[in-house]
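Data file: query_35.txt. Format and content: compact mmCIF, C-alpha atoms and all ligand atoms.
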# COMPACT_ATOMS: atom_id res chain seq x y z
CA MET A 439 108.19 93.05 128.62
CA PRO A 440 108.09 95.51 125.72
CA GLU A 441 106.28 98.73 126.55
CA LEU A 442 104.53 101.21 124.28
CA PRO A 443 107.69 102.84 122.83
CA GLU A 444 109.26 99.48 122.02
CA VAL A 445 106.04 98.24 120.40
CA GLU A 446 105.77 101.44 118.34
CA THR A 447 109.41 101.09 117.31
CA VAL A 448 108.83 97.53 116.13
CA ALA A 449 105.57 98.46 114.35
CA ASN A 450 107.27 101.35 112.53
CA GLY A 451 110.23 99.20 111.56
CA VAL A 452 108.03 96.42 110.23
CA HIS A 453 105.88 98.96 108.39
CA GLN A 454 108.89 100.41 106.57
CA ARG A 455 109.92 96.95 105.46
CA VAL A 456 106.63 95.30 104.47
CA HIS A 457 103.89 97.80 103.65
CA GLY A 458 102.37 97.52 100.20
CA GLN A 459 103.45 93.90 99.89
CA THR A 460 101.16 90.94 99.39
CA ILE A 461 101.38 87.84 101.56
CA THR A 462 102.04 84.98 99.19
CA GLY A 463 102.13 82.14 101.70
CA VAL A 464 101.67 81.45 105.40
CA GLU A 465 103.23 78.80 107.62
CA ILE A 466 102.05 78.48 111.17
CA SER A 467 103.30 76.37 114.08
CA ASN A 468 101.03 74.06 115.98
CA ASN A 469 101.48 75.81 119.30
CA PRO A 470 97.86 76.43 120.35
CA GLN A 471 98.46 79.11 122.97
CA THR A 472 100.03 81.50 120.44
CA PHE A 473 96.86 81.79 118.40
CA LYS A 474 93.84 83.66 119.68
CA SER A 475 92.05 83.05 116.37
CA PRO A 476 92.03 79.52 114.90
CA PRO A 477 95.37 79.07 113.04
CA ASP A 478 93.57 77.98 109.86
CA GLU A 479 91.47 81.13 109.90
CA ILE A 480 94.61 83.26 110.31
CA ALA A 481 96.36 81.49 107.44
CA ASP A 482 93.27 81.74 105.18
CA LEU A 483 92.73 85.41 105.83
CA LEU A 484 96.38 86.40 105.42
CA THR A 485 97.09 84.46 102.25
CA LYS A 486 96.97 86.76 99.20
CA SER A 487 96.08 89.77 101.37
CA ARG A 488 98.02 92.98 100.98
CA ILE A 489 99.62 94.68 104.01
CA ASP A 490 98.68 98.34 103.69
CA ARG A 491 100.00 99.66 106.98
CA VAL A 492 101.56 98.40 110.20
CA HIS A 493 100.96 100.50 113.28
CA ARG A 494 100.52 100.36 117.04
CA VAL A 495 97.29 100.39 119.05
CA GLY A 496 98.04 100.26 122.79
CA LYS A 497 100.66 97.52 123.07
CA THR A 498 99.32 95.61 120.06
CA ILE A 499 100.90 95.71 116.61
CA VAL A 500 98.18 95.99 113.97
CA ALA A 501 98.65 95.19 110.28
CA ASP A 502 95.86 96.63 108.12
CA LEU A 503 95.05 94.21 105.32
CA THR A 504 93.22 94.47 102.04
CA LEU A 505 91.79 91.04 101.31
CA PRO A 506 92.03 89.53 97.84
CA TYR A 507 89.09 90.53 95.67
CA THR A 508 86.66 87.63 95.45
CA GLY A 509 83.22 89.20 94.96
CA LYS A 510 81.59 90.04 91.67
CA LYS A 511 82.22 93.33 89.94
CA THR A 512 80.00 96.20 90.99
CA GLY A 513 81.99 98.99 89.45
CA LYS A 514 82.85 100.28 92.90
CA ASN A 515 85.86 99.65 95.02
CA THR A 516 84.52 96.85 97.19
CA SER A 517 87.81 95.53 98.53
CA ALA A 518 87.25 94.06 101.97
CA THR A 519 89.64 94.84 104.77
CA ALA A 520 90.73 93.06 107.94
CA GLN A 521 93.50 93.31 110.51
CA PHE A 522 96.25 90.99 111.69
CA LEU A 523 96.97 91.62 115.38
CA ILE A 524 100.29 90.78 116.98
CA HIS A 525 100.85 91.02 120.71
CA LEU A 526 104.51 90.50 121.53
CA GLY A 527 103.97 89.28 125.10
CA MET A 528 107.22 88.94 127.05
CA THR A 529 109.62 87.73 124.41
CA GLY A 530 107.87 87.96 121.04
CA ARG A 531 109.84 89.36 118.12
CA LEU A 532 108.98 90.16 114.52
CA LEU A 533 111.79 89.60 112.07
CA VAL A 534 111.96 90.52 108.41
CA SER A 535 114.32 87.90 107.01
CA ALA A 536 115.62 86.60 103.73
CA PRO A 537 114.14 83.12 103.13
CA GLU A 538 117.61 81.58 103.21
CA THR A 539 118.26 82.91 106.73
CA PRO A 540 117.96 79.95 109.13
CA VAL A 541 114.59 79.91 110.89
CA PRO A 542 115.16 80.45 114.64
CA SER A 543 113.66 77.98 117.08
CA HIS A 544 110.34 79.09 118.58
CA THR A 545 109.18 80.57 115.27
CA HIS A 546 105.37 80.38 115.30
CA ALA A 547 104.47 82.07 112.03
CA ILE A 548 106.20 82.75 108.72
CA LEU A 549 104.55 85.04 106.18
CA SER A 550 106.14 84.96 102.72
CA LEU A 551 105.99 88.39 101.11
CA SER A 552 105.79 89.48 97.47
CA GLY A 553 108.98 91.53 97.97
CA GLY A 554 110.91 88.28 98.47
CA LYS A 555 111.43 88.39 102.23
CA GLU A 556 109.64 86.69 105.08
CA LEU A 557 107.96 88.20 108.12
CA ARG A 558 108.59 85.83 111.02
CA PHE A 559 107.08 85.78 114.50
CA VAL A 560 109.47 84.27 117.04
CA ASP A 561 108.47 83.83 120.68
CA PRO A 562 110.44 81.56 123.04
CA ARG A 563 108.25 82.13 126.09
CA ARG A 564 104.99 82.00 124.17
CA PHE A 565 103.10 84.80 125.91
CA GLY A 566 102.72 86.52 122.56
CA ARG A 567 99.42 86.26 120.72
CA LEU A 568 98.39 86.35 117.06
CA SER A 569 94.84 86.92 115.89
CA VAL A 570 92.79 88.38 113.07
CA SER A 571 89.94 90.85 113.27
CA HIS A 572 87.32 91.98 110.77
CA ASN A 573 86.61 95.15 112.73
CA ALA A 574 89.07 97.95 113.37
CA TYR A 575 90.83 97.14 116.63
CA THR A 576 90.72 100.05 119.05
CA GLY A 577 92.18 98.43 122.17
CA PRO A 578 90.85 98.40 125.71
CA GLY A 579 91.46 102.04 126.72
CA ARG A 580 92.45 105.49 125.48
CA GLU A 581 95.62 106.26 123.57
CA PRO A 582 98.09 108.11 125.85
CA LEU A 583 99.87 109.97 123.05
CA THR A 584 96.75 111.52 121.55
CA ILE A 585 94.21 111.85 124.37
CA SER A 586 93.06 115.45 124.93
CA LEU A 587 93.74 117.19 128.24
CA GLU A 588 90.04 117.28 129.17
CA ASP A 589 89.59 113.58 128.43
CA PHE A 590 92.76 112.79 130.37
CA ILE A 591 91.53 114.69 133.42
CA ALA A 592 88.12 113.01 133.17
CA LEU A 593 89.72 109.54 133.23
CA PHE A 594 90.86 109.99 136.83
CA ARG A 595 87.85 111.82 138.27
CA ASN A 596 86.56 110.13 141.47
CA ARG A 597 89.13 107.33 141.23
CA LYS A 598 90.18 106.22 144.69
CA THR A 599 93.12 104.10 143.50
CA PRO A 600 96.71 105.37 143.67
CA ILE A 601 97.66 107.32 140.55
CA LYS A 602 100.36 104.75 139.75
CA ALA A 603 97.75 101.97 139.65
CA ALA A 604 95.39 104.14 137.58
CA LEU A 605 98.16 104.78 135.03
CA LEU A 606 98.68 101.04 134.68
CA ASN A 607 94.94 100.33 134.33
CA GLN A 608 94.75 99.39 130.65
CA SER A 609 91.03 100.08 130.46
CA LEU A 610 91.78 103.76 131.18
CA LEU A 611 94.96 104.37 129.16
CA HIS A 612 96.34 101.51 127.12
CA GLY A 613 100.00 100.83 126.57
CA VAL A 614 101.47 102.51 129.66
CA GLY A 615 103.63 100.04 131.57
CA ASN A 616 105.58 100.10 134.80
CA ILE A 617 108.70 101.90 133.57
CA TYR A 618 106.98 104.86 131.92
CA ALA A 619 104.40 105.22 134.71
CA ASP A 620 107.24 105.66 137.23
CA GLU A 621 109.20 107.97 134.93
CA ALA A 622 106.17 110.15 134.10
CA LEU A 623 105.25 110.53 137.79
CA PHE A 624 108.82 111.61 138.52
CA HIS A 625 108.81 114.22 135.76
CA ALA A 626 105.41 115.49 136.94
CA GLY A 627 106.62 115.64 140.58
CA ILE A 628 103.77 113.45 141.84
CA ARG A 629 104.10 110.65 144.38
CA PRO A 630 102.87 107.30 143.06
CA ARG A 631 100.59 106.59 146.05
CA ARG A 632 98.55 109.81 145.68
CA GLN A 633 94.86 109.12 145.15
CA ALA A 634 94.11 109.60 141.46
CA GLY A 635 90.81 111.41 142.03
CA ARG A 636 92.45 113.94 144.35
CA LEU A 637 95.10 115.20 141.96
CA THR A 638 94.59 118.82 140.97
CA ARG A 639 93.97 119.98 137.46
CA ASP A 640 97.51 121.41 137.38
CA GLU A 641 99.01 118.12 138.49
CA LEU A 642 97.07 116.14 135.88
CA THR A 643 98.10 118.67 133.24
CA ARG A 644 101.75 118.13 134.22
CA LEU A 645 101.28 114.36 134.33
CA ARG A 646 99.83 114.17 130.82
CA ALA A 647 102.65 116.33 129.47
CA ALA A 648 105.24 114.20 131.30
CA LEU A 649 103.76 110.95 130.03
CA ILE A 650 103.77 112.16 126.43
CA LYS A 651 107.32 113.47 126.85
CA VAL A 652 108.80 110.24 128.23
CA LEU A 653 106.96 108.05 125.70
CA LYS A 654 107.95 110.21 122.73
CA HIS A 655 111.54 110.44 123.91
CA ALA A 656 111.74 106.65 124.13
CA ILE A 657 110.16 106.25 120.69
CA LYS A 658 112.72 108.67 119.28
CA LEU A 659 115.62 106.72 120.82
CA GLY A 660 114.11 103.47 119.61
CA GLY A 661 113.67 104.82 116.12
CA SER A 662 117.41 105.05 115.60
CA SER A 663 117.97 101.43 116.58
CA VAL A 664 114.93 99.99 114.86
CA SER A 665 116.91 97.54 112.76
CA ASP A 666 117.93 95.73 115.94
CA TYR A 667 114.40 94.48 116.41
CA VAL A 668 113.17 93.63 112.98
CA ASP A 669 116.10 92.76 110.77
CA ALA A 670 116.85 89.09 110.91
CA ASP A 671 120.45 89.37 111.94
CA GLY A 672 119.83 92.13 114.45
CA VAL A 673 120.62 91.93 118.11
CA ALA A 674 117.82 90.79 120.38
CA GLY A 675 116.55 92.97 123.17
CA PHE A 676 115.27 96.46 123.66
CA PHE A 677 117.17 99.68 124.07
CA GLN A 678 118.05 100.80 127.56
CA LEU A 679 117.01 104.27 128.54
CA HIS A 680 118.61 106.64 130.95
CA HIS A 681 115.87 106.20 133.58
CA ARG A 682 115.41 108.78 136.30
CA VAL A 683 113.82 106.53 138.92
CA TYR A 684 112.86 103.19 137.45
CA SER A 685 115.00 100.38 138.83
CA ARG A 686 117.34 102.84 140.62
CA THR A 687 116.44 101.96 144.24
CA GLY A 688 118.97 103.51 146.66
CA GLU A 689 120.81 105.41 143.92
CA PRO A 690 120.92 109.22 144.12
CA CYS A 691 118.16 111.17 142.36
CA ARG A 692 119.64 112.78 139.25
CA THR A 693 117.99 116.07 140.24
CA CYS A 694 118.49 116.34 144.03
CA SER A 695 120.71 113.38 145.07
CA THR A 696 118.13 111.97 147.54
CA PRO A 697 118.21 108.13 147.37
CA ILE A 698 115.43 106.76 145.15
CA GLU A 699 112.88 104.73 147.13
CA ARG A 700 111.11 101.58 146.11
CA ILE A 701 107.58 100.73 147.25
CA VAL A 702 104.90 98.37 145.98
CA VAL A 703 101.73 99.93 144.56
CA GLY A 704 98.95 97.74 143.21
CA GLY A 705 101.30 94.77 143.34
CA ARG A 706 103.89 96.50 141.16
CA SER A 707 107.38 97.61 142.02
CA THR A 708 107.34 101.41 142.10
CA HIS A 709 110.23 103.88 142.27
CA PHE A 710 110.19 107.54 143.25
CA CYS A 711 112.20 110.41 144.68
CA PRO A 712 110.80 111.41 148.10
CA THR A 713 112.11 114.94 147.67
CA CYS A 714 111.19 115.77 144.06
CA GLN A 715 107.77 114.10 144.18
CA LYS A 716 104.99 115.42 146.43
ZN ZN A 801 114.95 114.13 143.63

Please render this file's structure as structure tokens.
Ligand SMILES: [Zn+2]
Amino acid sequence: MPELPEVETVANGVHQRVHGQTITGVEISNNPQTFKSPPDEIADLLTKSRIDRVHRVGKTIVADLTLPYTGKKTGKNTSATAQFLIHLGMTGRLLVSAPETPVPSHTHAILSLSGGKELRFVDPRRFGRLSVSHNAYTGPGREPLTISLEDFIALFRNRKTPIKAALLNQSLLHGVGNIYADEALFHAGIRPRRQAGRLTRDELTRLRAALIKVLKHAIKLGGSSVSDYVDADGVAGFFQLHHRVYSRTGEPCRTCSTPIERIVVGGRSTHFCPTCQK
């Protein structure tokens, strides 16, 4: 499952390759579960629209569109805008391909671009979702990379759930998944089962800094391998990070050599160092 850094990496890579281009044609598969908006509506809205910017909101990739001008002249810039939303799900990939490159199986959308290439959405397991929106999509929760310290602290006030579960609650912070929640708690020295509302101001300050650090570090690593995700002939799969605790059950902590423990919090596999985290 791609997490925030992977989604940002893909969004940035697609942006570099397609922004400023107009969509000259749209082909869409007939797989109903892929489309959260009616496929015809998606095709209609995208055709002849210009992709101004591709960016990430939570774990959703958002393409800002300027729609083709259809109204009558008013002398003002009345271009309408909309957004194309792409959620990668478990296995979704966006590829920027030459038209002659064979279309992979499980391709659910092909956007022909004025630059001569195609933007393809491929998703074997079909948990990915495509939709269009006329309003600016803001996602379910707050953005972990830009939230202020005071707002971050306020998110957890009076919360009786374990901090690990609160970090994964997408209506609080969006885009934080299992790997980076575990890694951030390790770097902040906080045990995952601690009650969110009982963390001190100092601990929450450390946690926010740790979360931003691990997410930005992963984005930086991903940035150098961006072509692997979006160029047609690239290798599938996401970069592997040097995790401190995630998925290292029983292995020695890289700081103190204590074996990493695995517990289940809020139904999710959770990893921590019993010595470094209090
Ligand atoms: Zn340790």

Among the residues A:Thr643, A:Thr504, A:Ser569, A:Ser535, the one that comes closest to Phe522 in chain A [using only C-alpha atoms]: A:Ser569

Taking all atoms listed in the file into account, report as a VMD selection string which residues have an atom no farther than 12 Å from an atom of ligand ZN 801 (chain A). chain A and resid 623 to 629 682 to 683 686 688 to 699 709 to 716

Non-local contacts of Gly496 in chain A (7 Å; only C-alpha atoms; under 2 positions in same chain excluded) as a count of residues only: 7

Contacts of range 644-648 of chain A at 9 Å (all atoms listed in the file; same-chain gap of 3+ positions) as a list of chain:residue names: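 Once the nearby chain positions are removed, what remains is A:Pro582, A:Leu583, A:Ile585, A:Leu587, A:Phe590, A:Ile591, A:Glu621, A:Ala622, A:Leu623, A:Phe624, A:His625, A:Ala626, A:Gly627, A:Ile628, A:Arg639, A:Asp640, A:Glu641, A:Lys651, A:Val652, A:Leu653.
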
Could those residues be written to a file, using C-alpha atoms, as an mmCIF file, in the coordinates of the input?
data_model
loop_
_atom_site.group_PDB
_atom_site.id
_atom_site.type_symbol
_atom_site.label_atom_id
_atom_site.label_comp_id
_atom_site.auth_asym_id
_atom_site.auth_seq_id
_atom_site.Cartn_x
_atom_site.Cartn_y
_atom_site.Cartn_z
ATOM 1 C CA PRO A 582 98.090 108.110 125.850
ATOM 2 C CA LEU A 583 99.870 109.970 123.050
ATOM 3 C CA ILE A 585 94.210 111.850 124.370
ATOM 4 C CA LEU A 587 93.740 117.190 128.240
ATOM 5 C CA PHE A 590 92.760 112.790 130.370
ATOM 6 C CA ILE A 591 91.530 114.690 133.420
ATOM 7 C CA GLU A 621 109.200 107.970 134.930
ATOM 8 C CA ALA A 622 106.170 110.150 134.100
ATOM 9 C CA LEU A 623 105.250 110.530 137.790
ATOM 10 C CA PHE A 624 108.820 111.610 138.520
ATOM 11 C CA HIS A 625 108.810 114.220 135.760
ATOM 12 C CA ALA A 626 105.410 115.490 136.940
ATOM 13 C CA GLY A 627 106.620 115.640 140.580
ATOM 14 C CA ILE A 628 103.770 113.450 141.840
ATOM 15 C CA ARG A 639 93.970 119.980 137.460
ATOM 16 C CA ASP A 640 97.510 121.410 137.380
ATOM 17 C CA GLU A 641 99.010 118.120 138.490
ATOM 18 C CA LYS A 651 107.320 113.470 126.850
ATOM 19 C CA VAL A 652 108.800 110.240 128.230
ATOM 20 C CA LEU A 653 106.960 108.050 125.700
#

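Using only C-alpha atoms, the shortest contact distance between Ile480 in chain A and any of A:Ser571, A:Thr519, A:Ser550, A:Thr638 is found at A:Ser571.
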
Write out as a PyMOL selection string which residues come within 10 Å of Thr708 in chain A when counting only C-alpha atoms, dropping same-chain ones fewer than 4 positions away. chain A and resi 602-603+616-617+619-621+630-631+683-685+687+699-704

Dump as a PDB file, keeping the file's coordinate frame, selection limited to C-alpha atoms:
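Okay, result34.pdb is ready:
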ATOM      1  CA  LYS A 602     100.360 104.750 139.750  1.00  0.00           C
ATOM      2  CA  ALA A 603      97.750 101.970 139.650  1.00  0.00           C
ATOM      3  CA  ASN A 616     105.580 100.100 134.800  1.00  0.00           C
ATOM      4  CA  ILE A 617     108.700 101.900 133.570  1.00  0.00           C
ATOM      5  CA  ALA A 619     104.400 105.220 134.710  1.00  0.00           C
ATOM      6  CA  ASP A 620     107.240 105.660 137.230  1.00  0.00           C
ATOM      7  CA  GLU A 621     109.200 107.970 134.930  1.00  0.00           C
ATOM      8  CA  PRO A 630     102.870 107.300 143.060  1.00  0.00           C
ATOM      9  CA  ARG A 631     100.590 106.590 146.050  1.00  0.00           C
ATOM     10  CA  VAL A 683     113.820 106.530 138.920  1.00  0.00           C
ATOM     11  CA  TYR A 684     112.860 103.190 137.450  1.00  0.00           C
ATOM     12  CA  SER A 685     115.000 100.380 138.830  1.00  0.00           C
ATOM     13  CA  THR A 687     116.440 101.960 144.240  1.00  0.00           C
ATOM     14  CA  GLU A 699     112.880 104.730 147.130  1.00  0.00           C
ATOM     15  CA  ARG A 700     111.110 101.580 146.110  1.00  0.00           C
ATOM     16  CA  ILE A 701     107.580 100.730 147.250  1.00  0.00           C
ATOM     17  CA  VAL A 702     104.900  98.370 145.980  1.00  0.00           C
ATOM     18  CA  VAL A 703     101.730  99.930 144.560  1.00  0.00           C
ATOM     19  CA  GLY A 704      98.950  97.740 143.210  1.00  0.00           C
TER      20      GLY A 704
END

Quick check, in Å to one decimal: how far apart do CA of Gly553 in chain A and CA of Gly566 in chain A lie?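 CA of Gly553 in chain A sits 25.9 Å away from CA of Gly566 in chain A.
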
Find the residues of range 550-622 of chain A that sit at most 12 Å from range 454-476 of chain A; for each, write down the nearest two atoms and how far apart they are in Å, to one decimal. Count all atoms listed in the file. Sort by chain, then by number going up, and give it as JSON lines.
{"residue": "A:Ser550", "atom": "CA", "partner": "A:Gly463", "partner_atom": "CA", "distance": 5.0}
{"residue": "A:Leu551", "atom": "CA", "partner": "A:Ile461", "partner_atom": "CA", "distance": 4.7}
{"residue": "A:Ser552", "atom": "CA", "partner": "A:Thr460", "partner_atom": "CA", "distance": 5.2}
{"residue": "A:Gly553", "atom": "CA", "partner": "A:Gln459", "partner_atom": "CA", "distance": 6.3}
{"residue": "A:Gly554", "atom": "CA", "partner": "A:Gln459", "partner_atom": "CA", "distance": 9.4}
{"residue": "A:Lys555", "atom": "CA", "partner": "A:Val456", "partner_atom": "CA", "distance": 8.7}
{"residue": "A:Glu556", "atom": "CA", "partner": "A:Ile461", "partner_atom": "CA", "distance": 9.1}
{"residue": "A:Leu557", "atom": "CA", "partner": "A:Val456", "partner_atom": "CA", "distance": 8.1}
{"residue": "A:Arg558", "atom": "CA", "partner": "A:Glu465", "partner_atom": "CA", "distance": 9.5}
{"residue": "A:Phe559", "atom": "CA", "partner": "A:Ile466", "partner_atom": "CA", "distance": 9.5}
{"residue": "A:Val560", "atom": "CA", "partner": "A:Thr472", "partner_atom": "CA", "distance": 10.4}
{"residue": "A:Asp561", "atom": "CA", "partner": "A:Thr472", "partner_atom": "CA", "distance": 8.8}
{"residue": "A:Pro562", "atom": "CA", "partner": "A:Thr472", "partner_atom": "CA", "distance": 10.7}
{"residue": "A:Arg563", "atom": "CA", "partner": "A:Thr472", "partner_atom": "CA", "distance": 10.0}
{"residue": "A:Arg564", "atom": "CA", "partner": "A:Thr472", "partner_atom": "CA", "distance": 6.2}
{"residue": "A:Phe565", "atom": "CA", "partner": "A:Thr472", "partner_atom": "CA", "distance": 7.1}
{"residue": "A:Gly566", "atom": "CA", "partner": "A:Thr472", "partner_atom": "CA", "distance": 6.1}
{"residue": "A:Arg567", "atom": "CA", "partner": "A:Thr472", "partner_atom": "CA", "distance": 4.8}
{"residue": "A:Leu568", "atom": "CA", "partner": "A:Phe473", "partner_atom": "CA", "distance": 5.0}
{"residue": "A:Ser569", "atom": "CA", "partner": "A:Ser475", "partner_atom": "CA", "distance": 4.8}
{"residue": "A:Val570", "atom": "CA", "partner": "A:Ser475", "partner_atom": "CA", "distance": 6.3}
{"residue": "A:Ser571", "atom": "CA", "partner": "A:Ser475", "partner_atom": "CA", "distance": 8.7}
{"residue": "A:His572", "atom": "CA", "partner": "A:Ser475", "partner_atom": "CA", "distance": 11.6}

Just C-alpha atoms for this one: save the residues we selected as an mmCIF file, in the coordinates of the input.
data_model
loop_
_atom_site.group_PDB
_atom_site.id
_atom_site.type_symbol
_atom_site.label_atom_id
_atom_site.label_comp_id
_atom_site.auth_asym_id
_atom_site.auth_seq_id
_atom_site.Cartn_x
_atom_site.Cartn_y
_atom_site.Cartn_z
ATOM 1 C CA SER A 550 106.140 84.960 102.720
ATOM 2 C CA LEU A 551 105.990 88.390 101.110
ATOM 3 C CA SER A 552 105.790 89.480 97.470
ATOM 4 C CA GLY A 553 108.980 91.530 97.970
ATOM 5 C CA GLY A 554 110.910 88.280 98.470
ATOM 6 C CA LYS A 555 111.430 88.390 102.230
ATOM 7 C CA GLU A 556 109.640 86.690 105.080
ATOM 8 C CA LEU A 557 107.960 88.200 108.120
ATOM 9 C CA ARG A 558 108.590 85.830 111.020
ATOM 10 C CA PHE A 559 107.080 85.780 114.500
ATOM 11 C CA VAL A 560 109.470 84.270 117.040
ATOM 12 C CA ASP A 561 108.470 83.830 120.680
ATOM 13 C CA PRO A 562 110.440 81.560 123.040
ATOM 14 C CA ARG A 563 108.250 82.130 126.090
ATOM 15 C CA ARG A 564 104.990 82.000 124.170
ATOM 16 C CA PHE A 565 103.100 84.800 125.910
ATOM 17 C CA GLY A 566 102.720 86.520 122.560
ATOM 18 C CA ARG A 567 99.420 86.260 120.720
ATOM 19 C CA LEU A 568 98.390 86.350 117.060
ATOM 20 C CA SER A 569 94.840 86.920 115.890
ATOM 21 C CA VAL A 570 92.790 88.380 113.070
ATOM 22 C CA SER A 571 89.940 90.850 113.270
ATOM 23 C CA HIS A 572 87.320 91.980 110.770
#

If you count only C-alpha atoms, the residue of A:Ile650, A:Ile548, A:Leu637, A:Arg632 closest to Phe594 in chain A turns out to be A:Leu637

For a test of reading the model, state the distance in Å between CA of Val492 in chain A and CA of His453 in chain A, rounded to one decimal.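 Between CA of Val492 in chain A and CA of His453 in chain A the gap works out to 4.7 Å.
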
Sel. within 9 Å of pt (96.9, 87.7, 96.6), counting only C-alpha atoms, output as a PyMOL selection string: chain A and resi 460-462+484-488+505-507

How many Å separate CA of Ile489 in chain A from CA of Val614 in chain A? 26.9 Å

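The smallest atom-to-atom distance between Arg636 in chain A and any of A:Ile601, A:His544, A:Ser609, A:Leu649, using only C-alpha atoms, is found for A:Ile601.
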
Selected residue of minimal separation from Tyr575 in chain A among A:Ala634, A:Leu483, A:Val452, A:Ile524, counting all atoms listed in the file: A:Ile524

Would you please work out which residue, of A:Ala481, A:Ala547, A:Pro443, A:His493, is nearest to Leu659 in chain A when using only C-alpha atoms? A:Pro443
